[in-house]
file data.txt (compact mmCIF, C-alpha atoms)
# COMPACT_ATOMS: atom_id res chain seq x y z
CA MET A 325 0.00 0.00 0.00
CA ILE A 326 1.23 3.49 -0.84
CA LEU A 327 1.66 5.41 2.41
CA ARG A 328 2.62 8.84 1.06
CA VAL A 329 4.77 10.70 -1.41
CA GLN A 330 8.05 10.67 0.49
CA HIS A 331 10.18 12.92 -1.69
CA ILE A 332 10.58 14.55 -5.08
CA GLY A 333 13.89 13.92 -6.79
CA MET A 334 15.65 16.84 -8.48
CA VAL A 335 18.75 16.67 -10.67
CA VAL A 336 21.11 19.68 -10.52
CA ARG A 337 24.48 20.60 -12.05
CA ASP A 338 25.92 22.16 -8.91
CA LEU A 339 24.41 21.22 -5.57
CA HIS A 340 25.61 24.23 -3.64
CA ASP A 341 24.51 26.69 -6.34
CA ALA A 342 21.08 25.01 -6.48
CA CYS A 343 20.65 25.15 -2.71
CA SER A 344 21.65 28.82 -2.73
CA SER A 345 19.05 29.54 -5.44
CA PHE A 346 16.24 27.99 -3.40
CA GLU A 347 17.19 29.89 -0.29
CA ARG A 348 17.62 33.20 -2.13
CA ALA A 349 14.42 32.97 -4.17
CA LEU A 350 12.04 31.16 -1.80
CA GLY A 351 13.63 31.01 1.64
CA LEU A 352 13.84 27.21 1.36
CA ARG A 353 16.90 26.10 3.29
CA ALA A 354 18.73 22.87 2.44
CA ARG A 355 19.99 20.49 5.10
CA ASP A 356 21.44 16.99 5.56
CA TYR A 357 24.27 17.37 3.03
CA ARG A 358 25.97 14.11 2.04
CA ASP A 359 28.99 13.16 -0.06
CA ASP A 360 29.02 9.39 0.50
CA GLN A 361 26.31 8.29 -1.93
CA GLY A 362 26.44 7.10 -5.55
CA GLN A 363 29.73 5.19 -5.21
CA GLY A 364 31.43 8.40 -4.15
CA LYS A 365 30.36 10.26 -7.29
CA GLN A 366 27.42 12.16 -5.86
CA LEU A 367 26.52 15.08 -3.63
CA ASP A 368 23.03 15.45 -2.26
CA ALA A 369 20.88 17.32 0.24
CA ARG A 370 17.22 17.84 0.99
CA ILE A 371 14.77 20.67 1.52
CA LEU A 372 11.83 19.95 3.83
CA LEU A 373 8.45 20.75 2.29
CA GLY A 374 6.04 19.93 5.11
CA ASN A 375 3.57 17.04 4.72
CA GLU A 376 6.37 14.70 5.86
CA CYS A 377 8.00 14.96 2.44
CA TRP A 378 11.02 16.71 0.97
CA LEU A 379 12.78 17.83 -2.17
CA HIS A 380 15.86 15.66 -2.72
CA LEU A 381 18.56 17.51 -4.69
CA VAL A 382 21.26 15.41 -6.35
CA GLN A 383 24.46 16.27 -8.21
CA ASN A 384 26.02 13.18 -9.79
CA TRP A 385 29.02 12.82 -12.12
CA ASN A 386 28.91 9.09 -12.84
CA PRO A 387 28.13 8.98 -16.60
CA GLU A 388 26.33 5.65 -16.21
CA SER A 389 23.95 6.77 -13.45
CA ARG A 390 20.25 7.43 -13.94
CA VAL A 391 20.71 10.95 -12.60
CA ASN A 392 23.55 11.85 -14.96
CA ARG A 393 21.72 10.47 -18.00
CA PHE A 394 18.72 12.63 -17.15
CA LEU A 395 20.96 15.69 -16.82
CA ARG A 396 22.60 15.07 -20.21
CA GLU A 397 19.32 14.44 -22.00
CA ARG A 398 17.02 17.01 -20.37
CA GLY A 399 19.06 19.33 -18.22
CA GLU A 400 18.35 20.25 -14.60
CA GLY A 401 14.89 19.63 -13.22
CA LEU A 402 12.43 17.44 -11.36
CA GLU A 403 13.18 13.84 -12.25
CA HIS A 404 11.23 11.44 -10.04
CA ILE A 405 8.64 11.00 -7.32
CA ALA A 406 9.34 8.58 -4.47
CA LEU A 407 6.28 6.77 -3.15
CA GLU A 408 6.71 5.17 0.25
CA THR A 409 5.17 1.72 0.53
CA ASP A 410 4.70 -0.73 3.37
CA ASP A 411 5.36 -3.80 1.16
CA ILE A 412 7.77 -3.19 -1.71
CA ALA A 413 8.10 -6.90 -2.46
CA ALA A 414 4.36 -7.18 -3.13
CA ASP A 415 4.40 -4.02 -5.25
CA VAL A 416 7.26 -5.28 -7.41
CA ALA A 417 5.58 -8.68 -7.74
CA HIS A 418 2.43 -6.92 -8.99
CA LEU A 419 4.42 -4.93 -11.55
CA ARG A 420 6.13 -8.07 -12.81
CA GLN A 421 2.77 -9.85 -13.07
CA ILE A 422 1.38 -7.14 -15.37
CA GLY A 423 4.55 -7.03 -17.45
CA VAL A 424 6.05 -3.80 -16.09
CA GLY A 425 9.72 -4.10 -15.34
CA VAL A 426 11.68 -2.31 -12.62
CA TRP A 427 15.26 -1.16 -13.09
CA GLU A 428 17.67 -4.12 -13.10
CA ASP A 429 14.66 -6.30 -12.20
CA ARG A 430 15.48 -6.06 -8.51
CA ILE A 431 14.83 -4.33 -5.22
CA LEU A 432 17.90 -2.38 -4.13
CA ASP A 433 19.01 -2.30 -0.50
CA ALA A 434 20.15 1.35 -0.52
CA ASN A 435 21.07 3.77 2.25
CA ASP A 436 17.64 5.44 2.12
CA GLY A 437 15.58 2.26 2.03
CA TYR A 438 14.58 -0.70 -0.08
CA GLU A 439 14.07 0.80 -3.53
CA ALA A 440 12.73 -0.12 -6.97
CA PHE A 441 12.44 2.18 -9.98
CA VAL A 442 9.86 2.30 -12.78
CA TYR A 443 11.37 4.28 -15.65
CA PRO A 444 9.90 6.87 -18.07
CA ASP A 445 9.56 4.33 -20.88
CA ARG A 446 6.54 3.14 -18.86
CA LEU A 447 5.40 6.49 -17.50
CA PRO A 448 4.77 9.99 -18.91
CA GLY A 449 8.23 11.49 -18.66
CA LEU A 450 9.07 10.70 -15.04
CA THR A 451 10.53 7.93 -12.92
CA ILE A 452 8.60 6.51 -9.98
CA GLU A 453 10.67 5.24 -7.09
CA LEU A 454 9.01 2.79 -4.74
CA ILE A 455 10.70 2.97 -1.35
CA GLN A 456 10.26 1.06 1.89
CA SER A 457 12.15 2.65 4.77
CA HIS A 458 14.59 0.84 7.03
CA ASP A 459 16.70 1.85 10.01
CA ARG A 460 19.27 3.76 7.89
CA SER A 461 16.69 5.85 6.03
CA TRP A 462 16.16 9.57 6.07
CA TYR A 463 12.95 10.38 7.93
CA TYR A 464 11.02 13.59 8.46
CA PRO A 465 12.42 15.21 11.62
CA PRO A 466 9.77 15.24 14.37
CA GLU A 467 10.85 18.69 15.49
CA ALA A 468 10.08 20.06 11.99
CA VAL A 469 6.51 18.74 11.79
CA GLY A 470 4.15 21.70 11.59
CA GLU A 471 6.93 24.26 11.11
CA ALA A 472 6.90 26.77 8.24
CA VAL A 473 8.96 25.51 5.33
CA SER A 474 10.29 28.93 4.30
CA THR A 475 12.34 31.38 6.33
CA SER A 476 11.09 34.28 4.18
CA LEU A 477 7.67 33.48 2.73
CA LYS A 478 4.39 32.45 4.34
CA ALA A 479 4.57 29.08 2.60
CA SER A 480 3.47 26.31 4.93
CA ARG A 481 3.65 23.09 2.92
CA LEU A 482 3.75 21.34 -0.42
CA GLN A 483 0.30 21.43 -1.99
CA HIS A 484 0.85 19.63 -5.29
CA ILE A 485 3.34 18.48 -7.92
CA GLY A 486 2.66 19.45 -11.52
CA LEU A 487 2.99 16.83 -14.28
CA CYS A 488 2.65 17.79 -17.98
CA VAL A 489 1.35 14.95 -20.18
CA ASN A 490 0.43 14.41 -23.82
CA ASP A 491 -2.55 12.15 -23.11
CA LEU A 492 -4.34 12.62 -19.78
CA ASP A 493 -6.44 9.47 -19.99
CA ASP A 494 -3.47 7.26 -20.81
CA ALA A 495 -1.36 8.77 -18.01
CA CYS A 496 -4.13 8.24 -15.45
CA ARG A 497 -4.65 4.66 -16.64
CA ARG A 498 -0.98 3.85 -16.09
CA PHE A 499 -0.87 5.24 -12.56
CA GLU A 500 -3.93 3.21 -11.64
CA GLN A 501 -2.76 0.00 -13.28
CA TYR A 502 0.79 0.14 -11.94
CA PHE A 503 0.38 1.60 -8.47
CA GLY A 504 -3.32 1.55 -7.64
CA LEU A 505 -3.37 5.37 -7.69
CA ILE A 506 -6.77 6.49 -8.98
CA ALA A 507 -7.18 9.88 -10.63
CA GLN A 508 -10.20 12.01 -9.77
CA ASP A 509 -11.65 15.50 -10.18
CA PHE A 510 -11.34 15.52 -13.96
CA ARG A 511 -11.88 18.97 -15.49
CA SER A 512 -12.14 20.34 -19.02
CA ASP A 513 -12.98 23.97 -18.23
CA GLN A 514 -9.49 25.24 -17.39
CA GLY A 515 -6.86 27.00 -19.51
CA LYS A 516 -9.32 28.98 -21.63
CA GLY A 517 -11.01 25.74 -22.60
CA MET A 518 -7.78 24.31 -24.03
CA GLN A 519 -6.85 22.11 -21.10
CA ARG A 520 -7.86 18.89 -19.41
CA ASP A 521 -6.62 18.03 -15.95
CA ALA A 522 -7.11 15.71 -13.00
CA ARG A 523 -5.34 14.88 -9.76
CA ILE A 524 -4.10 11.87 -7.84
CA LEU A 525 -4.35 12.30 -4.08
CA PHE A 526 -1.60 11.16 -1.72
CA PRO A 527 -2.32 10.29 1.92
CA ASN A 528 -0.11 13.11 3.22
CA GLN A 529 -2.40 15.93 2.07
CA CYS A 530 -0.88 16.74 -1.31
CA TRP A 531 -1.49 15.58 -4.83
CA LEU A 532 -0.11 15.00 -8.30
CA HIS A 533 -1.73 17.44 -10.73
CA LEU A 534 -1.80 15.97 -14.26
CA VAL A 535 -2.33 18.47 -17.07
CA GLN A 536 -2.85 18.08 -20.81
CA ASN A 537 -2.90 21.43 -22.63
CA TRP A 538 -3.07 22.38 -26.30
CA ASP A 539 -2.75 26.17 -26.09
CA PRO A 540 0.62 26.85 -27.79
CA GLU A 541 1.20 29.94 -25.63
CA SER A 542 0.55 28.27 -22.28
CA ARG A 543 3.25 27.55 -19.74
CA VAL A 544 2.37 23.84 -19.89
CA ASN A 545 2.59 23.59 -23.65
CA ARG A 546 5.88 25.48 -23.79
CA PHE A 547 7.31 22.99 -21.29
CA LEU A 548 6.07 20.06 -23.39
CA ARG A 549 7.60 21.46 -26.58
CA ALA A 550 10.93 22.15 -24.92
CA ARG A 551 11.33 19.06 -22.75
CA GLY A 552 8.56 16.58 -23.45
CA GLU A 553 6.32 15.04 -20.81
CA GLY A 554 7.46 15.34 -17.22
CA LEU A 555 7.41 17.09 -13.87
CA ASP A 556 7.45 20.84 -14.36
CA HIS A 557 6.68 22.46 -10.99
CA ILE A 558 5.95 22.17 -7.31
CA ALA A 559 3.22 24.27 -5.68
CA LEU A 560 3.75 25.62 -2.17
CA GLN A 561 0.62 26.61 -0.28
CA THR A 562 0.94 30.00 1.36
CA ARG A 563 -1.09 31.81 3.99
CA ASP A 564 -0.40 35.27 2.50
CA ILE A 565 0.50 35.51 -1.15
CA GLU A 566 0.53 39.32 -1.13
CA HIS A 567 3.24 39.22 1.53
CA ASP A 568 5.20 36.72 -0.54
CA VAL A 569 5.11 38.66 -3.81
CA ALA A 570 6.01 41.88 -1.97
CA TRP A 571 9.03 40.05 -0.56
CA LEU A 572 10.01 38.85 -4.05
CA ARG A 573 9.67 42.33 -5.55
CA ALA A 574 11.69 43.93 -2.76
CA ARG A 575 14.59 41.58 -3.54
CA GLY A 576 14.38 41.87 -7.31
CA ILE A 577 13.26 38.28 -7.83
CA PRO A 578 11.02 38.23 -10.92
CA PHE A 579 7.86 36.15 -11.15
CA PHE A 580 5.65 35.49 -14.16
CA GLU A 581 4.14 38.72 -15.51
CA ASP A 582 4.77 40.31 -12.10
CA THR A 583 1.18 39.26 -11.37
CA VAL A 584 -0.86 37.36 -8.82
CA PHE A 585 -3.42 35.43 -10.86
CA ASP A 586 -6.93 34.94 -9.50
CA ALA A 587 -7.44 31.41 -10.83
CA ASN A 588 -9.95 28.67 -10.04
CA ASP A 589 -7.48 26.94 -7.76
CA GLY A 590 -6.52 30.05 -5.82
CA PHE A 591 -4.38 33.16 -5.98
CA GLU A 592 -1.24 32.08 -7.82
CA ALA A 593 2.23 33.42 -8.62
CA PHE A 594 4.97 31.59 -10.51
CA VAL A 595 8.74 31.80 -10.04
CA TYR A 596 10.27 30.47 -13.23
CA PRO A 597 13.29 28.23 -14.00
CA ASP A 598 15.55 31.20 -14.75
CA GLN A 599 15.57 31.69 -10.95
CA LEU A 600 15.60 28.01 -9.98
CA PRO A 601 17.45 24.96 -11.33
CA GLY A 602 15.20 23.77 -14.15
CA MET A 603 11.81 23.96 -12.43
CA THR A 604 8.97 26.35 -11.70
CA ALA A 605 7.74 27.07 -8.18
CA GLU A 606 4.09 28.04 -7.82
CA LEU A 607 2.96 29.96 -4.76
CA ILE A 608 -0.74 29.39 -4.14
CA GLN A 609 -3.25 30.69 -1.65
CA PRO A 610 -6.46 28.68 -2.14
CA HIS A 611 -9.97 30.10 -2.36
CA GLU A 612 -12.78 28.63 -0.30
CA HIS A 613 -13.97 26.78 -3.42
CA SER A 614 -10.50 25.59 -4.49
CA TRP A 615 -9.36 21.99 -4.55
CA SER A 616 -8.40 20.90 -1.04
call {"tool": "encode", "arguments": {"input": "data.txt", "output": "structure tokens"}}
result
Amino acid sequence: MILRVQHIGMVVRDLHDACSSFERALGLRARDYRDDQGQGKQLDARILLGNECWLHLVQNWNPESRVNRFLRERGEGLEHIALETDDIAADVAHLRQIGVGVWEDRILDANDGYEAFVYPDRLPGLTIELIQSHDRSWYYPPEAVGEAVSTSLKASRLQHIGLCVNDLDDACRRFEQYFGLIAQDFRSDQGKGMQRDARILFPNQCWLHLVQNWDPESRVNRFLRARGEGLDHIALQTRDIEHDVAWLRARGIPFFEDTVFDANDGFEAFVYPDQLPGMTAELIQPHEHSWS
């Protein structure tokens, strides 16, 4: 059974530069730096996002690694979602039964847990890591539960992860068939009528937002043209978006159109990849009628 989204994996060229960008632009402070992973050819750290999950930033210079291949092919950005499970052996057995392979056809006993990876040839532009924690794993620090995730903004937690897809129905079918994750809340009235979307809820009060868009000028469609299907942004829920955009303006950090958008899902502002390593950060303050 899937317990939660545990972390979001991000590939970067320079770990320290990436961590500095997140702290400068969003007040998100990295912690738990390591240099003993990836056969000694990796640096990594994490940024806590609330919801008992985190952003896992990785710099890797092993040309044969999954991380380095992603960097060469697509550049910096969000690369995978790690789903914590309470029975990885059963999950891998299910995948094998339906003809879906995992990387190297095995469960890895890694420092962060027992892990298995389903690659983008089976999914819309992202890798899914199944992970079952053990006594060496990173965990969400108890003292950080309920704390603000930003030292500068009013952001309190991860709200959703944005996934751009070419075929919404096919993407949703795969998540259900492979992992038992059922999409809901399908909409066709967004994006000036040129968008379909849905979401997959995770038990730790956040969701995967799947979007298919055919407006050539939209942010989603530009991402698809440039990089293909994949993870394009994380959305941080804030208690005061006007405070946050005032803070950004005062420090000369640009955001899309210098505007807070009054959208169906809330008041929104977007900090683009020119300020962050290959990903967009959405700040969102929900309306009463917004998705929750």
call {"tool": "residues_around", "arguments": {"input": "data.txt", "residues": "Asn537 (chain A)", "least_positions_apart": "3", "cutoff": "12 Å", "atoms": "only C-alpha atoms", "output": "ChimeraX atom specification"}}
result
/A:487-492,511-522,534,540-549,553
call {"tool": "residues_around", "arguments": {"input": "data.txt", "residues": "Lys478 (chain A)", "least_positions_apart": "2", "cutoff": "10 Å", "atoms": "all atoms listed in the file", "output": "JSON, numbers by chain"}}
result
{"A": [350, 351, 472, 473, 474, 475, 476, 480, 481, 560, 561, 562, 563, 564, 565, 566, 567, 568, 607, 609]}
call {"tool": "closest_residue", "arguments": {"input": "data.txt", "among": "A:Phe503, A:Ser345, A:Pro578, A:Ile608", "to": "Ile422 (chain A)", "atoms": "all atoms listed in the file"}}
result
A:Phe503
call {"tool": "atom_distance", "arguments": {"input": "data.txt", "atom1": "CA of Asp360 (chain A)", "atom2": "CA of Asn384 (chain A)"}}
result
11.4 Å
call {"tool": "axis_aligned_box", "arguments": {"input": "data.txt", "around": "region 436-454 of chain A", "padding_each_side": "8 Å", "output": "JSON"}}
result
{"center_x": 11.2, "center_y": 5.4, "center_z": -9.4, "size_x": 28.9, "size_y": 28.2, "size_z": 39.0}
call {"tool": "residues_around", "arguments": {"input": "data.txt", "residues": "Gln483 (chain A)", "least_positions_apart": "4", "cutoff": "8 Å", "atoms": "only C-alpha atoms", "output": "PyMOL selection string"}}
result
chain A and resi 529-531+558-561
call {"tool": "atom_distance", "arguments": {"input": "data.txt", "atom1": "CA of Arg390 (chain A)", "atom2": "CA of Pro448 (chain A)"}}
result
16.5 Å
call {"tool": "atom_distance", "arguments": {"input": "data.txt", "atom1": "CA of Gln421 (chain A)", "atom2": "CA of Val329 (chain A)"}}
result
23.7 Å
call {"tool": "closest_atom_pairs", "arguments": {"input": "data.txt", "of": "region 436-492 of chain A", "to": "region 402-418 of chain A", "cutoff": "7 Å", "atoms": "all atoms listed in the file", "output": "Markdown table"}}
result
| residue | atom | partner | partner_atom | distance |
| --- | --- | --- | --- | --- |
| A:Leu450 | CA | A:His404 | CA | 5.5 |
| A:Thr451 | CA | A:His404 | CA | 4.6 |
| A:Ile452 | CA | A:Ile405 | CA | 5.2 |
| A:Glu453 | CA | A:Ala406 | CA | 4.4 |
| A:Leu454 | CA | A:Leu407 | CA | 5.1 |
| A:Ile455 | CA | A:Glu408 | CA | 4.8 |
| A:Gln456 | CA | A:Thr409 | CA | 5.3 |
call {"tool": "residues_around", "arguments": {"input": "data.txt", "residues": "Ser344 (chain A)", "least_positions_apart": "2", "cutoff": "12 Å", "atoms": "all atoms listed in the file", "output": "MDAnalysis selection string"}}
result
chainID A and resid 338:342 346:355 369 371 381 599:601
call {"tool": "closest_residue", "arguments": {"input": "data.txt", "among": "A:Asp433, A:Asp445, A:Trp571, A:Leu419", "to": "His458 (chain A)", "atoms": "only C-alpha atoms"}}
result
A:Asp433
call {"tool": "closest_residue", "arguments": {"input": "data.txt", "among": "A:Met325, A:Leu447, A:Cys377, A:Ala570", "to": "Val469 (chain A)", "atoms": "all atoms listed in the file"}}
result
A:Cys377
call {"tool": "closest_residue", "arguments": {"input": "data.txt", "among": "A:Ile326, A:Ala507, A:Met334, A:Ala605", "to": "Gly399 (chain A)", "atoms": "all atoms listed in the file"}}
result
A:Met334
call {"tool": "residues_around", "arguments": {"input": "data.txt", "residues": "Trp385 (chain A)", "least_positions_apart": "4", "cutoff": "10 Å", "atoms": "all atoms listed in the file", "output": "MDAnalysis selection string"}}
result
chainID A and resid 337 362 364:367 389 391:393 395
